[in-house]
>>> print(open('query27.pdb').read())   # PDB, C-alpha atoms, pLDDT in the B column
ATOM      1  CA  TYR A   1       0.000   0.000   0.000  1.00 51.00           C
ATOM      2  CA  LYS A   2       2.791   2.452   0.809  1.00 56.00           C
ATOM      3  CA  GLU A   3       4.139   2.535  -2.755  1.00 63.00           C
ATOM      4  CA  THR A   4       0.875   2.440  -4.708  1.00 68.00           C
ATOM      5  CA  GLY A   5      -1.735   3.941  -2.414  1.00 66.00           C
ATOM      6  CA  PHE A   6      -4.103   1.097  -3.292  1.00 73.00           C
ATOM      7  CA  CYS A   7      -5.394  -1.585  -0.935  1.00 78.00           C
ATOM      8  CA  GLY A   8      -6.912  -4.739  -2.372  1.00 76.00           C
ATOM      9  CA  PHE A   9      -9.385  -5.062   0.492  1.00 76.00           C
ATOM     10  CA  GLY A  10     -11.020  -1.698  -0.204  1.00 75.00           C
ATOM     11  CA  ASP A  11     -13.307  -0.187   2.437  1.00 75.00           C
ATOM     12  CA  SER A  12     -13.516  -3.442   4.393  1.00 80.00           C
ATOM     13  CA  CYS A  13      -9.775  -3.391   5.235  1.00 80.00           C
ATOM     14  CA  LYS A  14      -9.041  -3.521   8.959  1.00 80.00           C
ATOM     15  CA  PHE A  15      -5.522  -2.067   8.727  1.00 74.00           C
ATOM     16  CA  LEU A  16      -4.490   1.532   9.143  1.00 73.00           C
ATOM     17  CA  HIS A  17      -2.717   2.575   5.972  1.00 72.00           C
ATOM     18  CA  ASP A  18      -0.054   5.122   6.772  1.00 69.00           C
ATOM     19  CA  ARG A  19       1.961   6.414   3.817  1.00 65.00           C
ATOM     20  CA  SER A  20       4.084   8.865   5.784  1.00 70.00           C
ATOM     21  CA  ASP A  21       7.838   8.539   5.866  1.00 71.00           C
ATOM     22  CA  TYR A  22       9.471   8.304   9.254  1.00 75.00           C
ATOM     23  CA  LYS A  23      13.147   7.722   9.802  1.00 78.00           C
ATOM     24  CA  HIS A  24      14.186   4.372  11.179  1.00 79.00           C
ATOM     25  CA  GLY A  25      16.492   4.113  14.181  1.00 83.00           C
ATOM     26  CA  TRP A  26      19.547   3.331  12.082  1.00 85.00           C
ATOM     27  CA  GLN A  27      18.924   6.422   9.934  1.00 84.00           C
ATOM     28  CA  ILE A  28      18.739   8.650  13.007  1.00 82.00           C
ATOM     29  CA  GLU A  29      21.913   7.085  14.431  1.00 86.00           C
ATOM     30  CA  ARG A  30      23.758   7.674  11.154  1.00 86.00           C
ATOM     31  CA  GLU A  31      22.711  11.334  11.186  1.00 83.00           C
ATOM     32  CA  LEU A  32      23.881  11.651  14.795  1.00 84.00           C
ATOM     33  CA  ASP A  33      27.281  10.193  13.886  1.00 86.00           C
ATOM     34  CA  GLU A  34      27.633  12.555  10.932  1.00 83.00           C
ATOM     35  CA  GLY A  35      26.502  15.547  12.976  1.00 78.00           C
ATOM     36  CA  ARG A  36      23.537  16.237  10.733  1.00 73.00           C
ATOM     37  CA  TYR A  37      20.742  15.229  13.113  1.00 71.00           C
ATOM     38  CA  GLY A  38      18.232  17.970  13.794  1.00 68.00           C
ATOM     39  CA  LEU A  39      19.577  20.321  11.143  1.00 66.00           C
ATOM     40  CA  ASN A  40      16.919  22.007   9.096  1.00 62.00           C
ATOM     41  CA  ASP A  41      16.792  20.583   5.585  1.00 60.00           C
ATOM     42  CA  ASP A  42      14.816  23.417   3.986  1.00 60.00           C
ATOM     43  CA  GLU A  43      16.905  23.256   0.809  1.00 58.00           C
ATOM     44  CA  ASN A  44      15.628  19.713   0.232  1.00 59.00           C
ATOM     45  CA  TYR A  45      12.084  21.013  -0.045  1.00 59.00           C
ATOM     46  CA  GLU A  46      12.699  24.049  -2.214  1.00 59.00           C
ATOM     47  CA  VAL A  47      11.861  23.986  -5.883  1.00 57.00           C
ATOM     48  CA  SER A  48      14.897  25.270  -7.736  1.00 54.00           C
ATOM     49  CA  SER A  49      13.399  26.213 -11.051  1.00 56.00           C
ATOM     50  CA  ASP A  50      12.859  29.516 -12.774  1.00 52.00           C
ATOM     51  CA  GLU A  51       9.329  30.471 -11.934  1.00 51.00           C
ATOM     52  CA  ASP A  52       9.393  33.688 -13.905  1.00 62.00           C
ATOM     53  CA  GLY A  53       8.164  31.876 -17.016  1.00 68.00           C
ATOM     54  CA  LEU A  54      10.534  33.575 -19.441  1.00 75.00           C
ATOM     55  CA  PRO A  55      11.223  31.405 -22.491  1.00 80.00           C
ATOM     56  CA  PHE A  56      14.645  30.678 -23.999  1.00 78.00           C
ATOM     57  CA  LYS A  57      13.464  30.324 -27.604  1.00 85.00           C
ATOM     58  CA  CYS A  58      11.267  32.334 -29.949  1.00 89.00           C
ATOM     59  CA  PHE A  59       7.734  30.981 -30.367  1.00 88.00           C
ATOM     60  CA  ILE A  60       7.749  31.674 -34.107  1.00 91.00           C
ATOM     61  CA  CYS A  61      11.163  30.525 -35.367  1.00 91.00           C
ATOM     62  CA  ARG A  62      11.871  28.110 -32.455  1.00 88.00           C
ATOM     63  CA  SER A  63      15.499  29.237 -32.225  1.00 88.00           C
ATOM     64  CA  SER A  64      17.422  31.380 -29.753  1.00 86.00           C
ATOM     65  CA  PHE A  65      16.338  34.990 -29.522  1.00 85.00           C
ATOM     66  CA  LYS A  66      17.894  37.571 -31.819  1.00 87.00           C
ATOM     67  CA  SER A  67      17.090  41.043 -30.406  1.00 89.00           C
ATOM     68  CA  PRO A  68      14.064  39.895 -28.364  1.00 90.00           C
ATOM     69  CA  VAL A  69      10.912  41.975 -28.007  1.00 93.00           C
ATOM     70  CA  VAL A  70       7.878  41.579 -25.758  1.00 92.00           C
ATOM     71  CA  THR A  71       4.238  42.280 -26.599  1.00 92.00           C
ATOM     72  CA  LYS A  72       1.616  43.871 -24.351  1.00 91.00           C
ATOM     73  CA  CYS A  73       0.336  40.362 -23.572  1.00 90.00           C
ATOM     74  CA  LYS A  74       3.834  39.380 -22.293  1.00 88.00           C
ATOM     75  CA  HIS A  75       4.839  37.028 -25.114  1.00 90.00           C
ATOM     76  CA  TYR A  76       8.430  37.088 -26.368  1.00 90.00           C
ATOM     77  CA  PHE A  77       9.654  36.949 -29.968  1.00 92.00           C
ATOM     78  CA  CYS A  78      12.667  37.847 -32.085  1.00 91.00           C
ATOM     79  CA  GLU A  79      12.262  41.356 -33.428  1.00 92.00           C
ATOM     80  CA  ASN A  80      12.321  40.205 -37.063  1.00 93.00           C
ATOM     81  CA  CYS A  81       9.862  37.354 -36.398  1.00 92.00           C
ATOM     82  CA  ALA A  82       7.457  39.700 -34.618  1.00 92.00           C
ATOM     83  CA  LEU A  83       7.579  42.289 -37.402  1.00 92.00           C
ATOM     84  CA  GLN A  84       7.107  39.687 -40.139  1.00 93.00           C
ATOM     85  CA  HIS A  85       4.131  38.220 -38.302  1.00 93.00           C
ATOM     86  CA  TYR A  86       2.738  41.734 -37.728  1.00 92.00           C
ATOM     87  CA  ARG A  87       2.747  42.298 -41.489  1.00 92.00           C
ATOM     88  CA  LYS A  88       0.474  39.260 -41.891  1.00 92.00           C
ATOM     89  CA  THR A  89      -1.808  39.935 -38.937  1.00 91.00           C
ATOM     90  CA  GLN A  90      -1.803  42.490 -36.132  1.00 91.00           C
ATOM     91  CA  ARG A  91      -2.554  39.842 -33.511  1.00 91.00           C
ATOM     92  CA  CYS A  92      -0.190  37.999 -31.171  1.00 91.00           C
ATOM     93  CA  TYR A  93       1.187  34.734 -32.552  1.00 91.00           C
ATOM     94  CA  VAL A  94       0.579  32.890 -29.258  1.00 90.00           C
ATOM     95  CA  CYS A  95      -2.673  34.171 -27.766  1.00 91.00           C
ATOM     96  CA  ASP A  96      -4.248  35.955 -30.766  1.00 90.00           C
ATOM     97  CA  LYS A  97      -4.742  39.220 -28.840  1.00 91.00           C
ATOM     98  CA  GLN A  98      -4.401  42.572 -30.582  1.00 92.00           C
ATOM     99  CA  THR A  99      -0.814  43.871 -30.364  1.00 90.00           C
ATOM    100  CA  ASN A 100      -1.439  47.337 -31.859  1.00 88.00           C
ATOM    101  CA  GLY A 101       2.127  47.202 -33.148  1.00 87.00           C
ATOM    102  CA  VAL A 102       3.639  47.559 -29.669  1.00 91.00           C
ATOM    103  CA  PHE A 103       6.871  45.562 -29.438  1.00 92.00           C
ATOM    104  CA  ASN A 104       9.023  46.694 -26.518  1.00 92.00           C
ATOM    105  CA  PRO A 105      12.620  45.569 -25.991  1.00 91.00           C
ATOM    106  CA  ALA A 106      12.669  42.581 -23.631  1.00 88.00           C
ATOM    107  CA  LYS A 107      15.191  43.814 -21.066  1.00 88.00           C
ATOM    108  CA  GLU A 108      14.335  41.237 -18.389  1.00 85.00           C
ATOM    109  CA  LEU A 109      14.693  38.437 -20.946  1.00 83.00           C
ATOM    110  CA  LEU A 110      18.080  39.782 -22.028  1.00 84.00           C
ATOM    111  CA  THR A 111      19.327  39.769 -18.436  1.00 85.00           C
ATOM    112  CA  LYS A 112      18.066  36.224 -17.957  1.00 82.00           C
ATOM    113  CA  LEU A 113      19.764  35.057 -21.162  1.00 79.00           C
ATOM    114  CA  GLU A 114      23.033  36.719 -20.129  1.00 81.00           C
ATOM    115  CA  LYS A 115      22.835  35.060 -16.715  1.00 79.00           C
ATOM    116  CA  HIS A 116      22.155  31.710 -18.375  1.00 74.00           C
ATOM    117  CA  LYS A 117      25.164  32.161 -20.676  1.00 75.00           C
ATOM    118  CA  THR A 118      27.479  32.997 -17.781  1.00 78.00           C
ATOM    119  CA  GLU A 119      26.317  29.892 -15.905  1.00 70.00           C
ATOM    120  CA  GLU A 120      27.076  27.691 -18.920  1.00 65.00           C
ATOM    121  CA  SER A 121      30.434  29.239 -19.858  1.00 62.00           C
ATOM    122  CA  PRO A 122      32.427  27.816 -16.892  1.00 58.00           C
ATOM    123  CA  LEU A 123      31.182  24.350 -17.824  1.00 50.00           C
ATOM    124  CA  GLU A 124      32.495  24.724 -21.360  1.00 49.00           C
ATOM    125  CA  ASP A 125      36.001  25.722 -20.185  1.00 50.00           C
ATOM    126  CA  THR A 126      36.693  22.485 -18.282  1.00 49.00           C
ATOM    127  CA  GLY A 127      39.016  21.075 -20.958  1.00 48.00           C
ATOM    128  CA  GLU A 128      42.538  20.119 -19.981  1.00 47.00           C
ATOM    129  CA  GLN A 129      45.268  22.632 -20.645  1.00 48.00           C
ATOM    130  CA  GLU A 130      48.869  21.618 -21.255  1.00 43.00           C
TER     131      GLU A 130
END
>>> encode(input="query27.pdb", output="structure tokens")
Amino acid sequence: YKETGFCGFGDSCKFLHDRSDYKHGWQIERELDEGRYGLNDDENYEVSSDEDGLPFKCFICRSSFKSPVVTKCKHYFCENCALQHYRKTQRCYVCDKQTNGVFNPAKELLTKLEKHKTEESPLEDTGEQE
């Protein structure tokens, strides 16, 4: 029951099904020996993802942004892709709302892309030097 959450006996089961996770004695002793017992493990419960929702690729051309712009409805495109799509229709490519030709420079997206590039660049320079 603990793994699946399903009991074959159904409502007539006489057992208490507890799916909580408690530490066993040997786990507590190991933490005591390592000096970790009782320490707050908040970082284990934090979600470490970007929750800002900024994309890394253009919705139209599906490639990395080249001079990104943002619409009033907060969708991001390459400047050329947005202008070419605006020539066809004046509505947003993603949500079909009226853009009125307003394409602002996406400054927050540029900072996020720069931060992402700086995080990746140390990983690329790990080759051996002689």
>>> closest_residue(input="query27.pdb", among="A:Thr71, A:Tyr86, A:Asn80, A:Glu119", to="Pro105 of chain A", atoms="all atoms listed in the file")
A:Thr71
>>> residues_around(input="query27.pdb", residues="Lys72 of chain A", least_positions_apart="2", cutoff="7 Å", atoms="all atoms listed in the file", output="ChimeraX atom specification")
/A:70,74,99,102
>>> atom_distance(input="query27.pdb", atom1="atom CA of Asp96 of chain A", atom2="atom CA of Thr111 of chain A")
26.9 Å
>>> atom_distance(input="query27.pdb", atom1="atom CA of Leu109 of chain A", atom2="atom CA of Lys88 of chain A")
25.3 Å
>>> resolve_selection(input="query27.pdb", expression="the PyMOL selection byres ((chain A and resi 55-65) around 9)", output="list in words")
Gly53, Leu54, Lys66, Ser67, Pro68, Val69, His75, Tyr76, Phe77, Cys78, Glu79, Cys81, Ala82, His85, Tyr93, Val94, Leu109, Lys112 and Leu113 of chain A
>>> atom_distance(input="query27.pdb", atom1="atom CA of Ala106 of chain A", atom2="atom CA of Cys73 of chain A")
12.5 Å
>>> closest_residue(input="query27.pdb", among="A:Asp33, A:Gln27, A:Leu83, A:His116", to="Asn100 of chain A", atoms="only C-alpha atoms")
A:Leu83
>>> axis_aligned_box(input="query27.pdb", around="segment 79-84 of chain A", padding_each_side="6 Å", output="JSON")
{"center_x": 9.7, "center_y": 39.8, "center_z": -36.8, "size_x": 17.2, "size_y": 16.9, "size_z": 18.7}
